[in-house]
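Pasted below: coords-v3.cif, mmCIF, C-alpha atoms and all ligand atoms.
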data_protein
loop_
_atom_site.label_atom_id
_atom_site.label_comp_id
_atom_site.auth_asym_id
_atom_site.auth_seq_id
_atom_site.Cartn_x
_atom_site.Cartn_y
_atom_site.Cartn_z
CA MET M 1 -12.42 29.52 -32.29
CA ALA M 2 -10.26 26.43 -31.79
CA LYS M 3 -11.87 23.15 -32.79
CA ILE M 4 -13.00 20.64 -30.16
CA ARG M 5 -10.92 17.49 -30.37
CA GLU M 6 -10.55 14.32 -28.31
CA LEU M 7 -7.30 14.16 -26.36
CA SER M 8 -4.80 11.51 -27.43
CA GLN M 9 -4.42 8.49 -25.18
CA ILE M 10 -0.94 9.49 -24.06
CA LEU M 11 -2.24 12.92 -23.04
CA THR M 12 -5.17 11.51 -21.04
CA ASP M 13 -2.79 9.06 -19.35
CA GLN M 14 -0.49 11.93 -18.42
CA ILE M 15 -3.42 13.89 -17.02
CA ALA M 16 -4.50 10.87 -14.96
CA ALA M 17 -0.90 10.42 -13.82
CA GLY M 18 -1.14 13.88 -12.29
CA GLU M 19 -3.77 12.50 -9.90
CA VAL M 20 -2.48 9.02 -9.17
CA ILE M 21 1.28 9.43 -9.45
CA GLU M 22 2.29 12.40 -7.37
CA ARG M 23 5.75 11.28 -6.35
CA PRO M 24 8.07 8.25 -6.28
CA SER M 25 6.26 6.75 -3.28
CA SER M 26 3.00 6.68 -5.30
CA VAL M 27 4.70 4.47 -7.88
CA VAL M 28 5.96 2.16 -5.16
CA LYS M 29 2.48 1.97 -3.63
CA GLU M 30 0.71 1.21 -6.92
CA LEU M 31 3.23 -1.42 -8.05
CA VAL M 32 3.33 -3.16 -4.67
CA GLU M 33 -0.48 -3.16 -4.41
CA ASN M 34 -0.64 -4.81 -7.83
CA ALA M 35 1.82 -7.45 -6.63
CA ILE M 36 -0.35 -8.06 -3.55
CA ASP M 37 -3.51 -8.36 -5.68
CA ALA M 38 -1.65 -10.96 -7.77
CA ASN M 39 -1.31 -13.26 -4.71
CA SER M 40 2.43 -12.82 -4.29
CA THR M 41 4.09 -14.27 -1.19
CA GLN M 42 7.40 -12.46 -1.69
CA ILE M 43 7.75 -8.87 -2.89
CA ASP M 44 11.15 -7.17 -3.26
CA ILE M 45 11.52 -3.45 -3.95
CA PHE M 46 14.81 -2.00 -5.20
CA ILE M 47 15.20 1.78 -5.25
CA GLU M 48 17.84 4.15 -6.59
CA GLU M 49 18.05 7.90 -5.91
CA SER M 50 14.91 7.83 -3.79
CA GLY M 51 13.00 6.32 -6.70
CA LEU M 52 13.66 9.11 -9.20
CA ARG M 53 16.37 7.13 -10.96
CA LYS M 54 14.85 3.67 -10.52
CA ILE M 55 12.05 1.73 -8.82
CA GLN M 56 11.97 -2.00 -9.36
CA VAL M 57 9.31 -4.29 -7.89
CA VAL M 58 9.86 -8.04 -8.16
CA ASP M 59 7.01 -10.37 -7.25
CA ASN M 60 6.30 -14.08 -7.41
CA GLY M 61 2.57 -13.65 -8.05
CA ASP M 62 0.20 -14.88 -10.75
CA GLY M 63 1.82 -12.95 -13.60
CA ILE M 64 0.07 -11.51 -16.67
CA ALA M 65 -0.70 -13.67 -19.70
CA ALA M 66 1.63 -12.69 -22.58
CA ASP M 67 -1.18 -11.53 -24.86
CA GLU M 68 -2.69 -9.34 -22.10
CA VAL M 69 0.42 -7.31 -21.32
CA PRO M 70 -0.50 -4.42 -23.67
CA LEU M 71 -3.99 -4.34 -22.09
CA ALA M 72 -2.50 -3.99 -18.61
CA PHE M 73 -1.02 -0.69 -19.83
CA THR M 74 -4.32 0.51 -21.31
CA ARG M 75 -6.41 3.02 -19.38
CA HIS M 76 -9.43 1.60 -17.50
CA ALA M 77 -8.42 -1.98 -18.26
CA THR M 78 -8.52 -4.17 -15.17
CA SER M 79 -8.85 -7.83 -14.23
CA LYS M 80 -10.28 -6.92 -10.81
CA ILE M 81 -13.86 -5.82 -11.40
CA TYR M 82 -16.22 -6.65 -14.23
CA THR M 83 -19.71 -5.62 -13.18
CA HIS M 84 -21.56 -2.80 -11.47
CA GLU M 85 -22.06 -5.04 -8.41
CA ASP M 86 -18.32 -5.67 -8.17
CA LEU M 87 -17.76 -1.96 -7.59
CA PHE M 88 -19.66 -2.26 -4.32
CA ARG M 89 -17.83 -5.38 -3.21
CA ILE M 90 -14.21 -4.55 -3.72
CA HIS M 91 -11.83 -7.20 -2.46
CA SER M 92 -8.71 -6.07 -4.28
CA LEU M 93 -6.48 -3.06 -3.63
CA GLY M 94 -6.78 -1.90 -7.25
CA PHE M 95 -9.82 -1.65 -9.52
CA ARG M 96 -9.50 1.58 -11.50
CA GLY M 97 -7.12 0.28 -14.15
CA GLU M 98 -5.16 3.51 -14.08
CA ALA M 99 -1.83 2.91 -12.40
CA LEU M 100 0.20 1.15 -15.08
CA PRO M 101 -0.79 3.41 -17.99
CA SER M 102 -0.28 6.47 -15.78
CA ILE M 103 3.18 5.39 -14.66
CA ALA M 104 4.19 4.39 -18.19
CA SER M 105 3.17 7.82 -19.51
CA VAL M 106 5.60 9.68 -17.23
CA ALA M 107 8.59 7.31 -17.08
CA LYS M 108 10.56 4.60 -18.85
CA VAL M 109 9.06 1.26 -17.90
CA THR M 110 10.00 -2.34 -18.55
CA ILE M 111 7.92 -5.35 -17.58
CA GLU M 112 8.87 -9.00 -17.49
CA THR M 113 6.02 -11.27 -16.58
CA ALA M 114 4.98 -14.89 -16.82
CA VAL M 115 2.02 -16.99 -15.80
CA MET M 116 2.72 -20.46 -14.37
CA ASN M 117 3.76 -22.96 -17.09
CA GLU M 118 3.42 -20.41 -19.88
CA ASN M 119 5.88 -18.43 -21.93
CA GLY M 120 6.47 -15.00 -20.53
CA GLN M 121 6.50 -11.56 -22.11
CA TYR M 122 8.91 -8.63 -22.07
CA MET M 123 7.81 -5.11 -22.94
CA ARG M 124 9.51 -1.72 -22.84
CA ILE M 125 7.50 1.53 -22.85
CA LYS M 126 8.81 5.08 -22.84
CA GLY M 127 6.52 8.02 -22.18
CA GLY M 128 3.51 5.88 -23.07
CA ILE M 129 4.95 4.55 -26.35
CA VAL M 130 5.77 0.86 -26.68
CA GLU M 131 9.37 0.60 -27.87
CA GLU M 132 9.87 -3.15 -27.72
CA ALA M 133 7.76 -6.25 -27.03
CA ARG M 134 8.87 -9.85 -27.29
CA PRO M 135 8.35 -13.28 -25.74
CA ASN M 136 10.61 -13.92 -22.83
CA ILE M 137 11.52 -16.97 -20.82
CA SER M 138 11.10 -16.30 -17.13
CA ARG M 139 9.81 -17.71 -13.89
CA LYS M 140 6.22 -17.16 -12.76
CA GLY M 141 5.65 -13.65 -11.48
CA THR M 142 6.20 -10.07 -12.54
CA THR M 143 9.10 -7.65 -12.47
CA ILE M 144 8.34 -4.01 -13.27
CA THR M 145 11.16 -1.48 -13.52
CA VAL M 146 10.39 2.24 -13.60
CA GLU M 147 13.27 4.51 -14.59
CA ASP M 148 13.68 8.27 -14.83
CA LEU M 149 10.29 9.09 -13.33
CA PHE M 150 8.83 12.42 -14.56
CA TYR M 151 11.61 12.75 -17.19
CA ASN M 152 9.00 14.19 -19.59
CA THR M 153 7.00 16.27 -17.10
CA PRO M 154 9.48 18.89 -15.82
CA ALA M 155 6.82 20.69 -13.76
CA ARG M 156 6.20 17.57 -11.69
CA LEU M 157 9.92 17.00 -11.28
CA LYS M 158 10.28 20.47 -9.76
CA TYR M 159 7.56 19.69 -7.25
CA ILE M 160 9.63 16.81 -5.85
CA ARG M 161 11.08 17.58 -2.43
CA SER M 162 14.53 16.59 -1.18
CA LEU M 163 15.76 13.07 -1.90
CA GLN M 164 15.66 12.45 1.85
CA THR M 165 11.95 13.35 2.06
CA GLU M 166 11.03 11.22 -0.94
CA LEU M 167 12.92 8.25 0.50
CA SER M 168 11.24 8.57 3.88
CA ASN M 169 7.86 8.70 2.11
CA ILE M 170 8.70 5.42 0.37
CA SER M 171 9.87 3.90 3.62
CA ASP M 172 6.72 5.03 5.42
CA ILE M 173 4.34 3.66 2.82
CA MET M 174 6.23 0.34 2.69
CA ASN M 175 6.17 0.01 6.48
CA ARG M 176 2.40 0.37 6.45
CA ILE M 177 1.86 -1.98 3.54
CA ALA M 178 4.07 -4.57 5.24
CA LEU M 179 2.02 -4.20 8.44
CA SER M 180 -1.15 -4.67 6.39
CA HIS M 181 0.09 -7.98 4.97
CA PRO M 182 1.97 -10.05 7.54
CA GLU M 183 1.46 -13.07 5.26
CA ILE M 184 3.76 -11.56 2.62
CA ALA M 185 7.56 -11.32 2.90
CA PHE M 186 8.65 -7.80 1.94
CA ARG M 187 12.10 -6.42 1.32
CA LEU M 188 12.90 -2.77 0.61
CA VAL M 189 16.44 -2.00 -0.57
CA HIS M 190 17.74 1.50 -1.33
CA GLU M 191 21.07 1.56 -3.17
CA GLY M 192 22.15 -1.66 -1.50
CA ASN M 193 20.91 -0.74 2.01
CA GLN M 194 18.10 -2.87 3.33
CA LEU M 195 15.49 -0.54 4.86
CA LEU M 196 12.82 -3.11 5.64
CA ARG M 197 12.52 -6.86 5.81
CA THR M 198 9.56 -8.87 7.04
CA ALA M 199 9.30 -12.62 7.44
CA GLY M 200 5.93 -13.16 5.79
CA ASN M 201 4.93 -15.87 8.27
CA ASN M 202 1.54 -14.27 9.00
CA ASP M 203 2.55 -13.25 12.53
CA LEU M 204 1.60 -9.59 13.06
CA ARG M 205 3.83 -9.14 16.11
CA GLN M 206 6.85 -10.41 14.16
CA THR M 207 5.93 -8.09 11.31
CA VAL M 208 5.79 -5.20 13.78
CA ALA M 209 9.27 -6.28 14.93
CA GLY M 210 10.46 -6.13 11.31
CA VAL M 211 9.13 -2.58 11.00
CA TYR M 212 9.65 -0.95 14.43
CA GLY M 213 12.24 -3.28 15.97
CA THR M 214 12.04 -6.22 18.36
CA GLN M 215 12.19 -4.12 21.54
CA ILE M 216 9.07 -2.18 20.69
CA ALA M 217 7.21 -5.17 19.28
CA ARG M 218 7.82 -7.25 22.39
CA ARG M 219 6.34 -4.59 24.68
CA MET M 220 3.19 -3.94 22.66
CA LYS M 221 -0.16 -5.22 23.88
CA GLY M 222 -2.67 -7.10 21.78
CA ILE M 223 -6.19 -5.71 21.47
CA GLU M 224 -9.33 -7.35 20.16
CA ASN M 225 -13.01 -6.44 19.84
CA GLU M 226 -15.93 -7.12 17.54
CA ASP M 227 -19.59 -6.52 16.85
CA LEU M 228 -21.84 -7.83 14.08
CA ASP M 229 -20.27 -5.57 11.46
CA PHE M 230 -16.62 -5.23 12.40
CA LYS M 231 -13.78 -7.30 13.73
CA VAL M 232 -10.92 -5.31 15.26
CA LYS M 233 -7.49 -6.68 16.15
CA GLY M 234 -4.08 -5.19 16.64
CA PHE M 235 -1.19 -4.08 18.81
CA ILE M 236 -0.76 -0.90 20.81
CA SER M 237 2.15 0.55 22.76
CA LEU M 238 1.83 1.28 26.46
CA PRO M 239 1.59 4.96 27.47
CA ASP M 240 5.31 4.94 28.35
CA THR M 241 6.25 4.29 24.72
CA THR M 242 5.13 7.25 22.64
CA ARG M 243 6.22 9.35 19.69
CA ALA M 244 5.98 13.04 18.86
CA SER M 245 3.71 12.51 15.83
CA ARG M 246 0.65 10.56 14.73
CA ASN M 247 2.76 8.85 12.04
CA TYR M 248 2.98 5.68 14.09
CA LEU M 249 -0.76 5.07 13.99
CA THR M 250 -1.62 2.59 11.27
CA ILE M 251 -5.18 1.68 10.41
CA ILE M 252 -5.76 -1.24 8.09
CA LEU M 253 -9.19 -1.92 6.67
CA ASN M 254 -9.70 -5.18 4.78
CA GLY M 255 -5.99 -5.35 3.97
CA ARG M 256 -5.80 -1.72 2.83
CA TYR M 257 -3.84 0.91 4.74
CA ILE M 258 -6.16 3.92 5.13
CA LYS M 259 -6.04 7.42 6.54
CA ASN M 260 -8.98 8.15 8.80
CA TYR M 261 -9.12 11.04 11.22
CA ALA M 262 -12.03 9.70 13.31
CA LEU M 263 -10.38 6.31 13.85
CA ASN M 264 -7.02 7.90 14.70
CA LYS M 265 -8.88 9.94 17.28
CA ALA M 266 -10.55 6.79 18.64
CA ILE M 267 -7.11 5.25 19.24
CA ILE M 268 -5.89 8.32 21.10
CA ASP M 269 -9.14 8.61 23.08
CA GLY M 270 -8.67 4.99 24.15
CA TYR M 271 -5.65 6.15 26.16
CA GLY M 272 -7.80 8.66 28.05
CA SER M 273 -5.54 10.95 30.07
CA LYS M 274 -2.61 8.54 30.02
CA LEU M 275 -0.75 10.27 27.17
CA MET M 276 1.35 13.37 27.72
CA VAL M 277 0.38 16.42 25.65
CA GLY M 278 1.86 16.22 22.17
CA ARG M 279 2.75 12.53 22.50
CA PHE M 280 1.14 9.74 20.49
CA PRO M 281 1.21 5.96 20.81
CA ILE M 282 2.38 3.37 18.31
CA ALA M 283 -0.60 1.33 17.15
CA ILE M 284 -1.51 -1.06 14.39
CA ILE M 285 -5.24 -1.60 14.13
CA THR M 286 -6.51 -4.22 11.71
CA ILE M 287 -10.20 -4.06 10.84
CA GLU M 288 -12.26 -6.60 8.95
CA ALA M 289 -15.57 -5.34 7.61
CA ASP M 290 -18.19 -6.42 5.14
CA SER M 291 -17.19 -4.68 1.90
CA LEU M 292 -20.82 -3.52 1.55
CA LEU M 293 -20.18 -1.12 4.45
CA LEU M 294 -17.31 0.54 2.60
CA ASP M 295 -16.98 2.94 -0.28
CA VAL M 296 -13.43 2.86 -1.59
CA ASN M 297 -14.25 4.86 -4.69
CA VAL M 298 -13.67 8.25 -3.07
CA HIS M 299 -10.28 9.32 -4.33
CA PRO M 300 -7.90 8.01 -7.03
CA SER M 301 -5.26 7.08 -4.46
CA LYS M 302 -7.87 5.11 -2.48
CA LYS M 303 -6.36 6.18 0.84
CA GLU M 304 -9.67 7.53 2.03
CA VAL M 305 -12.55 5.13 2.46
CA ARG M 306 -16.10 6.01 3.44
CA ILE M 307 -17.28 3.73 6.22
CA SER M 308 -20.93 3.24 7.18
CA LYS M 309 -21.29 2.93 10.96
CA GLU M 310 -17.95 4.66 11.47
CA LYS M 311 -19.03 5.84 14.95
CA GLU M 312 -19.69 2.26 16.08
CA LEU M 313 -16.32 1.19 14.71
CA ALA M 314 -14.57 4.05 16.52
CA ALA M 315 -16.23 2.99 19.77
CA LEU M 316 -15.07 -0.61 19.31
CA ILE M 317 -11.48 0.56 18.89
CA GLN M 318 -11.56 3.02 21.76
CA ASP M 319 -13.15 0.47 24.15
CA ALA M 320 -10.68 -2.28 23.22
CA ILE M 321 -7.72 0.00 23.93
CA ALA M 322 -9.18 1.36 27.16
CA ALA M 323 -9.89 -2.18 28.40
CA VAL M 324 -6.33 -3.38 27.78
CA LEU M 325 -4.81 -0.32 29.45
CA ARG M 326 -7.10 -0.71 32.51
CA GLN M 327 -6.02 -4.34 32.77
CA GLU M 328 -2.40 -3.27 32.47
CA GLN M 329 -2.74 -0.82 35.36
CA ARG M 330 -4.11 -3.50 37.63
CA ILE M 331 -1.17 -5.85 37.06
CA PRO M 332 2.05 -4.38 38.48
CA SER M 333 4.65 -4.45 35.75
CA GLY M 334 7.01 -7.39 35.91
CA ILE M 335 4.45 -9.88 37.19
CA GLU M 336 2.91 -10.39 33.76
CA ASN M 337 6.21 -11.80 32.54
CA LEU M 338 6.34 -14.59 35.13
P1 LIG G 401 -5.77 -2.06 -11.41
O1 LIG G 401 -4.79 -2.51 -10.37
O2 LIG G 401 -6.65 -0.97 -10.91
O3 LIG G 401 -6.52 -3.18 -12.04
P2 LIG G 401 -3.38 -1.31 -12.89
O4 LIG G 401 -3.15 -0.34 -13.99
O5 LIG G 401 -2.62 -1.12 -11.64
O6 LIG G 401 -4.93 -1.35 -12.60
O7 LIG G 401 -3.07 -2.77 -13.46
C1 LIG G 401 -3.77 -3.22 -14.61
C2 LIG G 401 -3.89 -4.74 -14.62
O8 LIG G 401 -2.59 -5.32 -14.83
C3 LIG G 401 -4.38 -5.35 -13.33
O9 LIG G 401 -5.80 -5.39 -13.28
C4 LIG G 401 -3.77 -6.75 -13.37
O10 LIG G 401 -4.57 -7.63 -14.12
C5 LIG G 401 -2.47 -6.54 -14.14
N1 LIG G 401 -1.28 -6.44 -13.26
C6 LIG G 401 -0.63 -5.31 -12.91
N2 LIG G 401 0.43 -5.58 -12.10
C7 LIG G 401 0.45 -6.92 -11.95
C8 LIG G 401 1.30 -7.84 -11.23
N3 LIG G 401 2.35 -7.41 -10.50
N4 LIG G 401 1.01 -9.16 -11.30
C9 LIG G 401 -0.04 -9.60 -12.03
N5 LIG G 401 -0.88 -8.80 -12.71
C10 LIG G 401 -0.65 -7.48 -12.69
MG MG G 402 -3.26 -1.36 -9.57
#
Take the structure from the file and write it as structure tokens.
Ligand code: ADP
Ligand code: MG
Amino acid sequence: MAKIRELSQILTDQIAAGEVIERPSSVVKELVENAIDANSTQIDIFIEESGLRKIQVVDNGDGIAADEVPLAFTRHATSKIYTHEDLFRIHSLGFRGEALPSIASVAKVTIETAVMNENGQYMRIKGGIVEEARPNISRKGTTITVEDLFYNTPARLKYIRSLQTELSNISDIMNRIALSHPEIAFRLVHEGNQLLRTAGNNDLRQTVAGVYGTQIARRMKGIENEDLDFKVKGFISLPDTTRASRNYLTIILNGRYIKNYALNKAIIDGYGSKLMVGRFPIAIITIEADSLLLDVNVHPSKKEVRISKEKELAALIQDAIAAVLRQEQRIPSGIENL
């Protein structure tokens, strides 16, 4: 019989990477969420070959203290929760301390980071092994560059779809993150082409314009509703502006873009019979909730969140949409613009 042994750290990181880092867009998501958690006001993402060749995220956030940089790449090391209670009051996008070590175990990563008024640090890691670390003079903030993703995990590389699909995944996730944070200026550049730019002036309608274009943004209607537990705000398209898929429904819960079937359905139900079969609206629904009502710790990617009182929340959304559309029907179009 083979002996029982503990797995090496690199191996456990690679196993975790299998869960958290499925494709280039997962790297973009994790790095950008870290930049958001670090209070950045400007986040630039530069991509080459749909992220397989290179993903670089440049932020102007808090930075990492030089002596903590190796810790940031250690599994289950995080600055975001400390106690058992914290786990039930999550205010940050991250908390599992898994993304950086996972990414570094399946790619070639460099980090340049500096805290305000302190000397910065440069580190280069390849396949989980630190190859170089030295002090570095740089401005406050963090730049992480991920190259040759999955170079050492050929099976994962084979699983990657066409470059076009991977790029549209990146674009999609960035659109939704940008919509979730209108107070942050985002820029997404693929091989010199700017795919997304938002102003970061905390105006959701202008952010929608940055993502879906000014024409669409201008015609969307604001919705609002609340009860004791939830506050709902957002923009919806009128029934004459629809799309052939549900991809244009974005639900944001406490600053986190989530996937939620019941809430998607609430949006669509809010339109009643006003949508043609197979057509879906464009909607951005921002929800604020007490973090005690939420369980984010469902899946490593954190895209699914368990919500207590989900039915009540769905009703709030559906009612808000129905009310605005009823109002809209009463006012003949054109008059509202006077
Ligand atoms: P988590 O986000 O779950 O804490 P990560 O592996 O993504 O885990 O990051 C580990 C730690 O590294 C974070 O808790 C944070 O302290 C630090 N960190 C990562 N990225 C950044 C960044 N862009 N700016 C500042 N700190 C960062
Ligand atoms: Mg993180």
Go ahead and compute the interatomic distance for CA of Arg246 (chain M) and CA of Ile47 (chain M), in Å to one decimal.
->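 Separating CA of Arg246 (chain M) from CA of Ile47 (chain M) is a distance of 26.2 Å.
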Interatomic distance (Å, one decimal) between CA of Asn152 (chain M) and CA of Val106 (chain M) =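 Distance between the two atoms: 6.1 Å.
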Would you mind listing what lies within 12 Å of Val277 (chain M) as a VMD selection string, with only C-alpha atoms counted and same-chain residues fewer than 2 positions away left out?
-> chain M and resid 239 242 to 245 268 271 to 275 279 to 281
Restrict the calculation to all atoms listed in the file, then for each residue of chain M with any atom at most 7 Å from an atom of ligand LIG 401 (chain G) give the closest atom pair and their distance in Å to one decimal, rows by chain and rising residue number, as a Markdown table.
| residue | atom | partner | partner_atom | distance |
| --- | --- | --- | --- | --- |
| M:Glu30 | CA | G:LIG401 | O5 | 6.2 |
| M:Leu31 | CA | G:LIG401 | N2 | 6.4 |
| M:Asn34 | CA | G:LIG401 | N2 | 4.5 |
| M:Ala35 | CA | G:LIG401 | N3 | 3.9 |
| M:Ala38 | CA | G:LIG401 | C9 | 4.8 |
| M:Asp59 | CA | G:LIG401 | N3 | 6.4 |
| M:Gly61 | CA | G:LIG401 | N4 | 5.8 |
| M:Asp62 | CA | G:LIG401 | C9 | 5.4 |
| M:Gly63 | CA | G:LIG401 | C9 | 4.1 |
| M:Ile64 | CA | G:LIG401 | N5 | 4.9 |
| M:Ala72 | CA | G:LIG401 | O8 | 4.0 |
| M:Phe73 | CA | G:LIG401 | O4 | 6.2 |
| M:Ala77 | CA | G:LIG401 | C1 | 6.0 |
| M:Thr78 | CA | G:LIG401 | O9 | 3.5 |
| M:Ser79 | CA | G:LIG401 | O9 | 4.0 |
| M:Lys80 | CA | G:LIG401 | O9 | 5.3 |
| M:Leu93 | CA | G:LIG401 | O1 | 7.0 |
| M:Gly94 | CA | G:LIG401 | O1 | 3.8 |
| M:Phe95 | CA | G:LIG401 | O2 | 3.5 |
| M:Arg96 | CA | G:LIG401 | O2 | 3.9 |
| M:Gly97 | CA | G:LIG401 | O6 | 3.1 |
| M:Glu98 | CA | G:LIG401 | O4 | 4.3 |
| M:Ala99 | CA | G:LIG401 | O4 | 3.9 |
| M:Leu100 | CA | G:LIG401 | O4 | 3.8 |
| M:Pro101 | CA | G:LIG401 | O4 | 6.0 |
| M:Gly141 | CA | G:LIG401 | N4 | 6.5 |
| M:Thr142 | CA | G:LIG401 | N3 | 5.1 |
Within 7 Å of Gly120 (chain M) using only C-alpha atoms, minus same-chain residues under 3 positions, as a list in words =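 The contact residues come out as Ala66, Thr113, Ala114, Val115, Pro135, Asn136, Ile137 and Ser138 of chain M.
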Since the input is missing atoms for region 54-79 of chain M, could you rebuild it with N, CA and C atoms and give the result as a tab-separated table (two decimals), in the frame of the given file?
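Below is the file out_12.tsv, written as the result:
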chain	number	residue	atom	x	y	z
M	54	LYS	N	15.36	5.02	-10.26
M	54	LYS	CA	14.85	3.67	-10.52
M	54	LYS	C	13.99	3.13	-9.38
M	55	ILE	N	12.89	2.49	-9.77
M	55	ILE	CA	12.05	1.73	-8.82
M	55	ILE	C	11.78	0.38	-9.46
M	56	GLN	N	12.23	-0.67	-8.79
M	56	GLN	CA	11.97	-2.00	-9.36
M	56	GLN	C	11.21	-2.84	-8.34
M	57	VAL	N	10.10	-3.43	-8.77
M	57	VAL	CA	9.31	-4.29	-7.89
M	57	VAL	C	9.28	-5.70	-8.49
M	58	VAL	N	9.76	-6.65	-7.71
M	58	VAL	CA	9.86	-8.04	-8.16
M	58	VAL	C	8.89	-8.87	-7.35
M	59	ASP	N	7.94	-9.52	-8.01
M	59	ASP	CA	7.01	-10.37	-7.25
M	59	ASP	C	6.97	-11.78	-7.79
M	60	ASN	N	6.42	-12.67	-6.98
M	60	ASN	CA	6.30	-14.08	-7.41
M	60	ASN	C	4.82	-14.44	-7.56
M	61	GLY	N	4.02	-13.45	-7.97
M	61	GLY	CA	2.57	-13.65	-8.05
M	61	GLY	C	2.12	-14.33	-9.34
M	62	ASP	N	0.84	-14.16	-9.64
M	62	ASP	CA	0.20	-14.88	-10.75
M	62	ASP	C	0.74	-14.54	-12.13
M	63	GLY	N	1.33	-13.36	-12.28
M	63	GLY	CA	1.82	-12.95	-13.60
M	63	GLY	C	0.68	-12.49	-14.51
M	64	ILE	N	1.05	-11.96	-15.68
M	64	ILE	CA	0.07	-11.51	-16.67
M	64	ILE	C	0.27	-12.35	-17.92
M	65	ALA	N	-0.81	-12.87	-18.48
M	65	ALA	CA	-0.70	-13.67	-19.70
M	65	ALA	C	-0.05	-12.81	-20.80
M	66	ALA	N	0.83	-13.43	-21.59
M	66	ALA	CA	1.63	-12.69	-22.58
M	66	ALA	C	0.76	-11.79	-23.46
M	67	ASP	N	-0.37	-12.31	-23.93
M	67	ASP	CA	-1.18	-11.53	-24.86
M	67	ASP	C	-1.98	-10.42	-24.16
M	68	GLU	N	-1.96	-10.39	-22.81
M	68	GLU	CA	-2.69	-9.34	-22.10
M	68	GLU	C	-1.80	-8.20	-21.61
M	69	VAL	N	-0.50	-8.33	-21.84
M	69	VAL	CA	0.42	-7.31	-21.32
M	69	VAL	C	0.10	-5.91	-21.86
M	70	PRO	N	-0.15	-5.77	-23.18
M	70	PRO	CA	-0.50	-4.42	-23.67
M	70	PRO	C	-1.78	-3.88	-23.01
M	71	LEU	N	-2.74	-4.76	-22.74
M	71	LEU	CA	-3.99	-4.34	-22.09
M	71	LEU	C	-3.73	-3.79	-20.69
M	72	ALA	N	-2.80	-4.43	-19.97
M	72	ALA	CA	-2.50	-3.99	-18.61
M	72	ALA	C	-2.05	-2.54	-18.60
M	73	PHE	N	-1.48	-2.08	-19.74
M	73	PHE	CA	-1.02	-0.69	-19.83
M	73	PHE	C	-2.03	0.21	-20.53
M	74	THR	N	-3.26	-0.28	-20.68
M	74	THR	CA	-4.32	0.51	-21.31
M	74	THR	C	-5.21	1.08	-20.22
M	75	ARG	N	-5.61	2.33	-20.39
M	75	ARG	CA	-6.41	3.02	-19.38
M	75	ARG	C	-7.75	2.32	-19.17
M	76	HIS	N	-8.16	2.21	-17.89
M	76	HIS	CA	-9.43	1.60	-17.50
M	76	HIS	C	-9.54	0.14	-17.91
M	77	ALA	N	-8.39	-0.54	-18.04
M	77	ALA	CA	-8.42	-1.98	-18.26
M	77	ALA	C	-7.99	-2.64	-16.96
M	78	THR	N	-8.82	-3.53	-16.45
M	78	THR	CA	-8.52	-4.17	-15.17
M	78	THR	C	-9.05	-5.60	-15.15
M	79	SER	N	-8.37	-6.45	-14.39
M	79	SER	CA	-8.85	-7.83	-14.23
M	79	SER	C	-9.62	-7.95	-12.91
